[in-house]
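K.L.:
Please find start09.txt (compact mmCIF, N, CA and C atoms) on the next line:
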```txt
# COMPACT_ATOMS: atom_id res chain seq x y z
N MET A 183 13.49 -10.10 49.92
CA MET A 183 12.98 -11.00 48.93
C MET A 183 13.35 -10.48 47.54
N LYS A 184 13.80 -11.36 46.69
CA LYS A 184 14.23 -11.00 45.35
C LYS A 184 13.03 -10.96 44.40
N LYS A 185 12.92 -9.85 43.66
CA LYS A 185 11.81 -9.74 42.70
C LYS A 185 12.19 -10.47 41.42
N ILE A 186 11.23 -11.16 40.88
CA ILE A 186 11.44 -11.87 39.61
C ILE A 186 10.97 -10.95 38.49
N LYS A 187 11.87 -10.71 37.55
CA LYS A 187 11.53 -9.86 36.41
C LYS A 187 10.63 -10.64 35.47
N PRO A 188 9.55 -10.01 35.03
CA PRO A 188 8.70 -10.72 34.06
C PRO A 188 9.47 -10.90 32.76
N THR A 189 9.41 -12.08 32.21
CA THR A 189 10.09 -12.34 30.95
C THR A 189 9.26 -11.76 29.81
N GLU A 190 9.97 -11.24 28.86
CA GLU A 190 9.29 -10.66 27.70
C GLU A 190 8.94 -11.79 26.74
N HIS A 191 7.68 -11.88 26.42
CA HIS A 191 7.22 -12.90 25.50
C HIS A 191 6.99 -12.26 24.14
N LEU A 192 7.68 -12.78 23.17
CA LEU A 192 7.50 -12.29 21.80
C LEU A 192 6.56 -13.22 21.06
N SER A 193 5.73 -12.61 20.25
CA SER A 193 4.87 -13.42 19.41
C SER A 193 5.72 -14.09 18.33
N THR A 194 5.16 -15.08 17.69
CA THR A 194 5.88 -15.75 16.60
C THR A 194 6.24 -14.74 15.52
N PHE A 195 5.30 -13.83 15.21
CA PHE A 195 5.55 -12.81 14.20
C PHE A 195 6.73 -11.93 14.60
N ASP A 196 6.76 -11.48 15.86
CA ASP A 196 7.85 -10.62 16.33
C ASP A 196 9.20 -11.34 16.25
N LYS A 197 9.19 -12.63 16.58
CA LYS A 197 10.42 -13.41 16.48
C LYS A 197 10.89 -13.50 15.04
N LEU A 198 9.96 -13.77 14.14
CA LEU A 198 10.31 -13.86 12.71
C LEU A 198 10.83 -12.53 12.18
N MET A 199 10.24 -11.43 12.63
CA MET A 199 10.65 -10.10 12.15
C MET A 199 12.06 -9.73 12.59
N GLN A 200 12.64 -10.47 13.54
CA GLN A 200 14.02 -10.22 13.96
C GLN A 200 15.02 -10.78 12.95
N ASP A 201 14.57 -11.67 12.09
CA ASP A 201 15.42 -12.24 11.04
C ASP A 201 15.38 -11.30 9.83
N PRO A 202 16.50 -10.66 9.49
CA PRO A 202 16.50 -9.68 8.39
C PRO A 202 16.01 -10.22 7.05
N LYS A 203 16.36 -11.47 6.72
CA LYS A 203 15.91 -12.05 5.44
C LYS A 203 14.39 -12.23 5.42
N TRP A 204 13.87 -12.77 6.52
CA TRP A 204 12.42 -13.00 6.61
C TRP A 204 11.68 -11.67 6.59
N LYS A 205 12.21 -10.69 7.31
CA LYS A 205 11.58 -9.37 7.38
C LYS A 205 11.53 -8.73 6.00
N ALA A 206 12.63 -8.82 5.25
CA ALA A 206 12.67 -8.23 3.90
C ALA A 206 11.63 -8.89 3.00
N GLY A 207 11.54 -10.20 3.06
CA GLY A 207 10.54 -10.91 2.25
C GLY A 207 9.12 -10.54 2.64
N PHE A 208 8.88 -10.42 3.94
CA PHE A 208 7.56 -10.03 4.42
C PHE A 208 7.20 -8.63 3.92
N GLU A 209 8.12 -7.69 4.07
CA GLU A 209 7.84 -6.31 3.67
C GLU A 209 7.58 -6.20 2.17
N LYS A 210 8.30 -6.97 1.37
CA LYS A 210 8.07 -6.96 -0.07
C LYS A 210 6.65 -7.46 -0.39
N GLY A 211 6.27 -8.56 0.22
CA GLY A 211 4.93 -9.11 0.01
C GLY A 211 3.84 -8.19 0.53
N TYR A 212 4.11 -7.53 1.65
CA TYR A 212 3.13 -6.64 2.25
C TYR A 212 2.88 -5.42 1.36
N LYS A 213 3.93 -4.92 0.71
CA LYS A 213 3.76 -3.78 -0.20
C LYS A 213 2.87 -4.16 -1.38
N LYS A 214 3.04 -5.37 -1.89
CA LYS A 214 2.18 -5.85 -2.98
C LYS A 214 0.73 -5.91 -2.50
N PHE A 215 0.56 -6.43 -1.29
CA PHE A 215 -0.77 -6.55 -0.71
C PHE A 215 -1.41 -5.17 -0.55
N LEU A 216 -0.65 -4.20 -0.05
CA LEU A 216 -1.20 -2.85 0.14
C LEU A 216 -1.65 -2.23 -1.17
N LEU A 217 -0.84 -2.36 -2.21
CA LEU A 217 -1.20 -1.80 -3.50
C LEU A 217 -2.46 -2.48 -4.03
N SER A 218 -2.52 -3.78 -3.92
CA SER A 218 -3.68 -4.54 -4.38
C SER A 218 -4.93 -4.11 -3.63
N GLU A 219 -4.86 -4.06 -2.31
CA GLU A 219 -6.01 -3.68 -1.49
C GLU A 219 -6.44 -2.24 -1.76
N PHE A 220 -5.46 -1.34 -1.93
CA PHE A 220 -5.79 0.04 -2.24
C PHE A 220 -6.58 0.12 -3.55
N LEU A 221 -6.08 -0.55 -4.58
CA LEU A 221 -6.71 -0.48 -5.89
C LEU A 221 -8.12 -1.06 -5.85
N ILE A 222 -8.29 -2.19 -5.19
CA ILE A 222 -9.62 -2.81 -5.08
C ILE A 222 -10.58 -1.86 -4.38
N GLU A 223 -10.15 -1.28 -3.26
CA GLU A 223 -11.01 -0.38 -2.49
C GLU A 223 -11.34 0.89 -3.28
N ALA A 224 -10.35 1.47 -3.93
CA ALA A 224 -10.57 2.70 -4.71
C ALA A 224 -11.51 2.45 -5.88
N MET A 225 -11.39 1.29 -6.51
CA MET A 225 -12.29 0.96 -7.63
C MET A 225 -13.71 0.76 -7.13
N GLU A 226 -13.87 0.10 -5.99
CA GLU A 226 -15.21 -0.08 -5.42
C GLU A 226 -15.81 1.27 -5.04
N GLU A 227 -15.00 2.12 -4.43
CA GLU A 227 -15.43 3.45 -4.02
C GLU A 227 -15.93 4.26 -5.21
N ASN A 228 -15.25 4.11 -6.35
CA ASN A 228 -15.59 4.86 -7.56
C ASN A 228 -16.53 4.09 -8.48
N LYS A 229 -16.93 2.89 -8.06
CA LYS A 229 -17.84 2.05 -8.86
C LYS A 229 -17.36 1.95 -10.31
N ILE A 230 -16.11 1.53 -10.47
CA ILE A 230 -15.51 1.44 -11.80
C ILE A 230 -14.95 0.03 -12.02
N SER A 231 -15.16 -0.49 -13.20
CA SER A 231 -14.68 -1.83 -13.54
C SER A 231 -13.22 -1.78 -13.99
N VAL A 232 -12.62 -2.96 -14.07
CA VAL A 232 -11.25 -3.07 -14.56
C VAL A 232 -11.14 -2.49 -15.96
N ARG A 233 -12.06 -2.89 -16.84
CA ARG A 233 -12.01 -2.41 -18.23
C ARG A 233 -12.21 -0.91 -18.36
N LYS A 234 -13.16 -0.37 -17.59
CA LYS A 234 -13.43 1.07 -17.67
C LYS A 234 -12.24 1.87 -17.11
N LEU A 235 -11.66 1.40 -16.01
CA LEU A 235 -10.49 2.08 -15.44
C LEU A 235 -9.33 2.04 -16.43
N ALA A 236 -9.09 0.88 -17.00
CA ALA A 236 -8.00 0.75 -17.97
C ALA A 236 -8.22 1.68 -19.16
N GLN A 237 -9.43 1.72 -19.66
CA GLN A 237 -9.75 2.57 -20.81
C GLN A 237 -9.51 4.04 -20.47
N LYS A 238 -10.04 4.50 -19.33
CA LYS A 238 -9.89 5.91 -18.95
C LYS A 238 -8.45 6.29 -18.63
N ALA A 239 -7.67 5.32 -18.08
CA ALA A 239 -6.28 5.60 -17.72
C ALA A 239 -5.33 5.37 -18.89
N GLY A 240 -5.83 4.77 -19.97
CA GLY A 240 -4.99 4.52 -21.14
C GLY A 240 -3.98 3.40 -20.93
N VAL A 241 -4.38 2.39 -20.16
CA VAL A 241 -3.50 1.24 -19.93
C VAL A 241 -4.26 -0.04 -20.27
N SER A 242 -3.54 -1.12 -20.31
CA SER A 242 -4.14 -2.42 -20.60
C SER A 242 -4.95 -2.92 -19.39
N PRO A 243 -6.10 -3.55 -19.64
CA PRO A 243 -6.85 -4.16 -18.53
C PRO A 243 -6.01 -5.20 -17.77
N THR A 244 -5.07 -5.83 -18.47
CA THR A 244 -4.20 -6.82 -17.83
C THR A 244 -3.36 -6.17 -16.73
N ILE A 245 -2.90 -4.96 -16.97
CA ILE A 245 -2.12 -4.24 -15.95
C ILE A 245 -2.97 -4.03 -14.70
N ILE A 246 -4.19 -3.55 -14.89
CA ILE A 246 -5.08 -3.31 -13.75
C ILE A 246 -5.36 -4.62 -13.02
N GLN A 247 -5.68 -5.67 -13.76
CA GLN A 247 -6.00 -6.95 -13.14
C GLN A 247 -4.81 -7.52 -12.39
N ASN A 248 -3.61 -7.40 -12.96
CA ASN A 248 -2.42 -7.91 -12.28
C ASN A 248 -2.09 -7.12 -11.02
N LEU A 249 -2.35 -5.83 -11.03
CA LEU A 249 -2.16 -5.02 -9.82
C LEU A 249 -3.17 -5.43 -8.75
N ARG A 250 -4.41 -5.63 -9.15
CA ARG A 250 -5.47 -6.03 -8.22
C ARG A 250 -5.18 -7.39 -7.58
N SER A 251 -4.65 -8.29 -8.36
CA SER A 251 -4.42 -9.66 -7.87
C SER A 251 -3.09 -9.81 -7.14
N GLY A 252 -2.24 -8.79 -7.19
CA GLY A 252 -0.94 -8.87 -6.54
C GLY A 252 0.12 -9.52 -7.40
N LYS A 253 -0.23 -9.88 -8.64
CA LYS A 253 0.76 -10.50 -9.54
C LYS A 253 1.80 -9.48 -9.98
N ARG A 254 1.42 -8.22 -9.91
CA ARG A 254 2.33 -7.15 -10.34
C ARG A 254 2.27 -6.02 -9.32
N SER A 255 3.44 -5.54 -8.90
CA SER A 255 3.47 -4.39 -8.01
C SER A 255 4.52 -3.39 -8.47
N ASN A 256 5.37 -3.80 -9.38
CA ASN A 256 6.38 -2.91 -9.92
C ASN A 256 5.77 -2.16 -11.09
N ILE A 257 5.48 -0.89 -10.88
CA ILE A 257 4.77 -0.11 -11.88
C ILE A 257 5.44 1.25 -12.03
N SER A 258 5.51 1.75 -13.24
CA SER A 258 6.14 3.05 -13.47
C SER A 258 5.20 4.18 -13.06
N LEU A 259 5.77 5.30 -12.77
CA LEU A 259 4.95 6.48 -12.43
C LEU A 259 4.10 6.89 -13.62
N ASN A 260 4.61 6.69 -14.83
CA ASN A 260 3.85 7.04 -16.03
C ASN A 260 2.59 6.19 -16.17
N THR A 261 2.60 5.00 -15.61
CA THR A 261 1.43 4.13 -15.64
C THR A 261 0.54 4.37 -14.42
N LEU A 262 1.17 4.53 -13.25
CA LEU A 262 0.42 4.69 -12.01
C LEU A 262 -0.34 6.02 -11.94
N THR A 263 0.28 7.09 -12.38
CA THR A 263 -0.32 8.42 -12.25
C THR A 263 -1.69 8.53 -12.91
N PRO A 264 -1.87 8.10 -14.17
CA PRO A 264 -3.21 8.19 -14.76
C PRO A 264 -4.24 7.28 -14.08
N ILE A 265 -3.79 6.13 -13.57
CA ILE A 265 -4.71 5.24 -12.85
C ILE A 265 -5.22 5.96 -11.60
N LEU A 266 -4.30 6.55 -10.85
CA LEU A 266 -4.68 7.29 -9.64
C LEU A 266 -5.59 8.45 -9.98
N SER A 267 -5.29 9.15 -11.05
CA SER A 267 -6.08 10.31 -11.46
C SER A 267 -7.53 9.92 -11.75
N VAL A 268 -7.71 8.83 -12.47
CA VAL A 268 -9.06 8.35 -12.78
C VAL A 268 -9.82 8.03 -11.49
N LEU A 269 -9.09 7.53 -10.49
CA LEU A 269 -9.70 7.16 -9.21
C LEU A 269 -9.79 8.35 -8.24
N HIS A 270 -9.38 9.53 -8.72
CA HIS A 270 -9.42 10.77 -7.93
C HIS A 270 -8.43 10.75 -6.77
N TYR A 271 -7.25 10.18 -7.02
CA TYR A 271 -6.15 10.19 -6.06
C TYR A 271 -4.95 10.82 -6.72
N LYS A 272 -3.99 11.23 -5.92
CA LYS A 272 -2.72 11.73 -6.45
C LYS A 272 -1.59 11.14 -5.62
N LEU A 273 -0.43 11.06 -6.23
CA LEU A 273 0.75 10.54 -5.56
C LEU A 273 1.47 11.71 -4.92
N GLU A 274 1.89 11.53 -3.67
CA GLU A 274 2.58 12.61 -2.97
C GLU A 274 3.86 12.06 -2.37
N PHE A 275 4.96 12.77 -2.56
CA PHE A 275 6.23 12.37 -1.99
C PHE A 275 6.43 13.14 -0.69
N VAL A 276 6.78 12.40 0.37
CA VAL A 276 6.94 12.99 1.69
C VAL A 276 8.32 12.62 2.21
N LYS A 277 9.02 13.58 2.76
CA LYS A 277 10.34 13.33 3.31
C LYS A 277 10.26 12.29 4.43
N GLU A 278 11.26 11.45 4.53
CA GLU A 278 11.22 10.30 5.44
C GLU A 278 10.92 10.66 6.88
N ASN A 279 11.50 11.70 7.44
CA ASN A 279 11.24 12.02 8.84
C ASN A 279 9.77 12.40 9.06
N LYS A 280 9.13 12.95 8.04
CA LYS A 280 7.71 13.25 8.14
C LYS A 280 6.90 11.95 8.13
N MET A 281 7.37 10.96 7.35
CA MET A 281 6.70 9.66 7.30
C MET A 281 6.71 9.00 8.66
N LYS A 282 7.81 9.12 9.40
CA LYS A 282 7.88 8.52 10.73
C LYS A 282 6.82 9.11 11.64
N ALA A 283 6.54 10.39 11.49
CA ALA A 283 5.50 11.03 12.30
C ALA A 283 4.12 10.51 11.92
N LEU A 284 3.96 10.10 10.66
CA LEU A 284 2.68 9.60 10.19
C LEU A 284 2.56 8.08 10.35
N LYS A 285 3.58 7.46 10.88
CA LYS A 285 3.66 6.00 10.95
C LYS A 285 2.40 5.34 11.51
N ASP A 286 1.87 5.89 12.57
CA ASP A 286 0.71 5.27 13.22
C ASP A 286 -0.61 5.71 12.62
N LYS A 287 -0.57 6.62 11.67
CA LYS A 287 -1.80 7.09 11.05
C LYS A 287 -2.07 6.29 9.79
N LYS A 288 -3.26 6.43 9.25
CA LYS A 288 -3.61 5.73 8.01
C LYS A 288 -2.70 6.19 6.88
N LYS A 289 -2.46 5.28 5.96
CA LYS A 289 -1.66 5.60 4.78
C LYS A 289 -2.46 6.40 3.76
N LEU A 290 -3.74 6.28 3.82
CA LEU A 290 -4.61 7.05 2.93
C LEU A 290 -5.33 8.09 3.75
N PHE A 291 -5.40 9.29 3.30
CA PHE A 291 -6.12 10.30 4.03
C PHE A 291 -6.72 11.30 3.05
N VAL A 292 -7.69 12.04 3.52
CA VAL A 292 -8.32 13.05 2.68
C VAL A 292 -7.85 14.41 3.16
N MET A 293 -7.38 15.21 2.23
CA MET A 293 -6.88 16.53 2.56
C MET A 293 -7.50 17.53 1.60
N GLY A 294 -8.30 18.41 2.11
CA GLY A 294 -8.91 19.43 1.26
C GLY A 294 -9.68 18.87 0.09
N GLY A 295 -10.37 17.76 0.29
CA GLY A 295 -11.18 17.18 -0.77
C GLY A 295 -10.39 16.33 -1.74
N GLN A 296 -9.05 16.42 -1.72
CA GLN A 296 -8.22 15.63 -2.63
C GLN A 296 -7.70 14.42 -1.89
N LYS A 297 -7.88 13.25 -2.42
CA LYS A 297 -7.40 12.04 -1.78
C LYS A 297 -5.92 11.88 -2.11
N ASN A 298 -5.15 11.47 -1.15
CA ASN A 298 -3.69 11.34 -1.33
C ASN A 298 -3.26 9.94 -1.00
N VAL A 299 -2.23 9.46 -1.69
CA VAL A 299 -1.62 8.18 -1.42
C VAL A 299 -0.19 8.46 -0.99
N ILE A 300 0.16 7.93 0.18
CA ILE A 300 1.54 8.12 0.66
C ILE A 300 2.25 6.80 0.51
```
Let's see the structure in the file written out as structure tokens.
P.N.:
Amino acid sequence: MKKIKPTEHLSTFDKLMQDPKWKAGFEKGYKKFLLSEFLIEAMEENKISVRKLAQKAGVSPTIIQNLRSGKRSNISLNTLTPILSVLHYKLEFVKENKMKALKDKKKLFVMGGQKNVI
């Protein structure tokens, strides 16, 4: 008797991710979403308002609001670093092969009391 191989069923999302153009657009939007969600969560965690964060970081409240809403995700390190510092986070650069090992872990983690953003 011949065995029938189970057919692989891809979800709609998986099918779409096979299209390089669609995947690139999705990843760009997802990065904006991650930055926005991170900022909202970090501000809630620190109980800090948009105006207070902007004042302490030395940036315009509009910058903070645009990052929170996803209207802006392209930000210089000179602007991002003080925002992270006020929120008690730091930016850390990790070599790509190490990132692959962390792929399934959270993007935010606590290490020695210092919060890190990867």
K.L.:
Grab the CA of Gly252 (chain A) to CA of Phe215 (chain A) distance for me, in Å with one decimal place.
P.N.:
6.3 Å
K.L.:
One number please: CA of Glu274 (chain A) to CA of Thr261 (chain A), in Å, one decimal.
P.N.:
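It comes out at 15.3 Å.
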K.L.:
Would you mind writing down, as a ChimeraX atom specification, each residue of region 198-288 of chain A that DSSP on the backbone assigns to helix (DSSP H, G or I)?
P.N.:
/A:198-199,202-227,232-239,243-251,259-268,278-284
K.L.:
CA of Glu227 (chain A) and atom C of Lys214 (chain A) are how many Å apart?
P.N.:
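A separation of 18.7 Å between them.
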K.L.:
Pick the closest to Ser231 (chain A) from A:Ser267, A:Gln247, A:Asn260, A:Thr194: which is it, counting only C-alpha atoms?
P.N.:
A:Gln247
K.L.:
Here is a test: counting only C-alpha atoms, which residue of A:Ser193, A:Ser255, A:Leu266, A:Lys229 is nearest to Gly211 (chain A)?
P.N.:
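Looking only at the distances to Gly211 (chain A), the closest residue turns out to be A:Ser255.
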K.L.:
Padding 5 Å on each side, edges along x, y and z: where is the centre of the box around the listed atoms of region 200-203 of chain A, and how long are its edges in Å to one decimal? Output it as lines of an AutoDock Vina configuration file.
P.N.:
```
center_x = 14.6
center_y = -11.0
center_z = 9.7
size_x = 13.9
size_y = 12.6
size_z = 18.5
```
K.L.:
Which polymer residues have any atom within 8 Å of an atom of Ile265 (chain A), counting only N, CA and C atoms, with same-chain residues fewer than 3 positions away left out, as a PyMOL selection string?
P.N.:
chain A and resi 235-236+238-241+259-262+268-272
K.L.:
Counting all atoms listed in the file, find the residues whose atoms lie at most 8 Å from (-3.6, -13.8, -9.8) (file coordinates) and write them out as a PyMOL selection string.
P.N.:
chain A and resi 247-248+250-254
K.L.:
With all atoms listed in the file as the basis for distance, which of A:Gly207, A:Leu273, A:Thr244, A:Leu249 is at the shortest distance from Leu221 (chain A)?
P.N.:
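Counting all atoms listed in the file, the residue closest to Leu221 (chain A) is A:Leu249.
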